[in-house]
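Worksheet: the structure to be examined is printed underneath.
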Amino acid sequence: MTLIPRPNRGREDVAVQISRLLQAHEIILNEARAMARKAAEAGDDGTNDLLVSDVIRTGEMQVWFLGEHLVLVGQPSGDGARRE
């Protein structure tokens, strides 16, 4: 059982694939934040620390990287340089 939707069959544009991956990371982050809150409320500092330090911080970095990559993919320049 998963909250992350399955991809469509067949080929997808790169930007669509990255968008789906970004959405999946955001789903994981939302769930991890909810679990971290529950752990904190229950006084389970170890679980809260594990979730915040390992899952949430890593996930937030991945979301940032994917978002930046999506910006670059959405704005092709031919030379790989970012255009704003």
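Every chain in the structure tokens has a letter given in the order shown (A, B, ...), and although residue numbers restart at 1 in each chain, ligands are simply numbered from 1 in the order shown.
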List every residue of chain A that DSSP, applied to the backbone of this structure, places in alpha helix (DSSP H), and write the result as a PyMOL selection string.
chain A and resi 14-41+45-50+57-74
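Compared by their closest atoms to A:Trp64, and using only C-alpha atoms, the residues A:Leu22, A:Ala36, A:Leu29, A:Leu3 rank with A:Leu22 nearest.
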Excluding same-chain residues fewer than 5 positions from A:Ala24, what lies within 12 Å of it counting only C-alpha atoms, as a list in words?
Thr2, Leu3, Ile4, Pro5, Arg6, Pro7, Gln17, Ile18, Ser19, Leu29, Asn30, Glu31, Gly59, Glu60, Gln62, Val63 and Leu66 of chain A
Preceding selection exported with N, CA and C atoms as a PDB file, in the first residue's frame:
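After the write, out37.pdb holds the following:
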```pdb
ATOM      1  N   THR A   2       0.559   2.204  -0.835  1.00  0.00           N
ATOM      2  CA  THR A   2       1.387   3.399  -0.944  1.00  0.00           C
ATOM      3  C   THR A   2       0.532   4.627  -1.200  1.00  0.00           C
ATOM      4  N   LEU A   3       1.035   5.768  -0.820  1.00  0.00           N
ATOM      5  CA  LEU A   3       0.377   7.037  -1.112  1.00  0.00           C
ATOM      6  C   LEU A   3       0.906   7.635  -2.418  1.00  0.00           C
ATOM      7  N   ILE A   4       2.001   7.079  -2.903  1.00  0.00           N
ATOM      8  CA  ILE A   4       2.630   7.594  -4.116  1.00  0.00           C
ATOM      9  C   ILE A   4       1.977   6.950  -5.327  1.00  0.00           C
ATOM     10  N   PRO A   5       1.420   7.788  -6.226  1.00  0.00           N
ATOM     11  CA  PRO A   5       0.748   7.228  -7.398  1.00  0.00           C
ATOM     12  C   PRO A   5       1.724   6.505  -8.330  1.00  0.00           C
ATOM     13  N   ARG A   6       1.243   5.453  -8.936  1.00  0.00           N
ATOM     14  CA  ARG A   6       2.057   4.716  -9.904  1.00  0.00           C
ATOM     15  C   ARG A   6       2.139   5.511 -11.210  1.00  0.00           C
ATOM     16  N   PRO A   7       3.276   5.404 -11.898  1.00  0.00           N
ATOM     17  CA  PRO A   7       3.408   6.127 -13.178  1.00  0.00           C
ATOM     18  C   PRO A   7       2.553   5.488 -14.259  1.00  0.00           C
ATOM     19  N   GLN A  17       8.600  13.236 -15.540  1.00  0.00           N
ATOM     20  CA  GLN A  17       9.206  12.264 -14.631  1.00  0.00           C
ATOM     21  C   GLN A  17       9.768  12.949 -13.385  1.00  0.00           C
ATOM     22  N   ILE A  18      10.453  14.071 -13.593  1.00  0.00           N
ATOM     23  CA  ILE A  18      11.023  14.797 -12.456  1.00  0.00           C
ATOM     24  C   ILE A  18       9.912  15.353 -11.575  1.00  0.00           C
ATOM     25  N   SER A  19       8.853  15.837 -12.182  1.00  0.00           N
ATOM     26  CA  SER A  19       7.718  16.354 -11.405  1.00  0.00           C
ATOM     27  C   SER A  19       7.089  15.264 -10.551  1.00  0.00           C
ATOM     28  N   LEU A  29       7.795  13.515   2.719  1.00  0.00           N
ATOM     29  CA  LEU A  29       8.074  14.551   3.719  1.00  0.00           C
ATOM     30  C   LEU A  29       6.855  14.850   4.584  1.00  0.00           C
ATOM     31  N   ASN A  30       5.694  14.961   3.966  1.00  0.00           N
ATOM     32  CA  ASN A  30       4.472  15.224   4.741  1.00  0.00           C
ATOM     33  C   ASN A  30       4.215  14.117   5.755  1.00  0.00           C
ATOM     34  N   GLU A  31       4.377  12.868   5.345  1.00  0.00           N
ATOM     35  CA  GLU A  31       4.181  11.743   6.244  1.00  0.00           C
ATOM     36  C   GLU A  31       5.237  11.728   7.354  1.00  0.00           C
ATOM     37  N   GLY A  59      15.199  14.529   2.773  1.00  0.00           N
ATOM     38  CA  GLY A  59      14.094  14.723   1.830  1.00  0.00           C
ATOM     39  C   GLY A  59      13.960  16.159   1.375  1.00  0.00           C
ATOM     40  N   GLU A  60      14.157  17.096   2.303  1.00  0.00           N
ATOM     41  CA  GLU A  60      14.079  18.511   1.922  1.00  0.00           C
ATOM     42  C   GLU A  60      15.180  18.875   0.943  1.00  0.00           C
ATOM     43  N   GLN A  62      16.560  16.785  -1.204  1.00  0.00           N
ATOM     44  CA  GLN A  62      16.188  16.173  -2.476  1.00  0.00           C
ATOM     45  C   GLN A  62      15.112  16.992  -3.195  1.00  0.00           C
ATOM     46  N   VAL A  63      14.135  17.490  -2.434  1.00  0.00           N
ATOM     47  CA  VAL A  63      13.083  18.324  -3.036  1.00  0.00           C
ATOM     48  C   VAL A  63      13.701  19.580  -3.642  1.00  0.00           C
ATOM     49  N   LEU A  66      15.637  18.557  -6.859  1.00  0.00           N
ATOM     50  CA  LEU A  66      14.704  18.225  -7.939  1.00  0.00           C
ATOM     51  C   LEU A  66      14.012  19.477  -8.468  1.00  0.00           C
TER      52      LEU A  66
END
```
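Within the 12 Å cut-off around A:Val16, using only C-alpha atoms and omitting residues fewer than 4 positions from it on the same chain, the listed residues are Pro7, Asn8, Arg11, Glu12, Arg20, Leu21, Leu22, Gln23, Leu66, His69, Leu70, Val73 and Gly74 of chain A.
In this model, the gap between atom CA of A:Arg33 and atom CA of A:Leu51 comes to 7.8 Å.
Put simply, atom CA of A:Val52 is 26.9 Å away from atom CA of A:Val71.
Here atom CA of A:Ala40 stands at a distance of 20.1 Å from atom CA of A:Ile27.
With distances restricted to only C-alpha atoms, A:Asn48 is the closest residue to A:Ala34 from A:Asn48, A:Met61, A:Asp13, A:Ser53.
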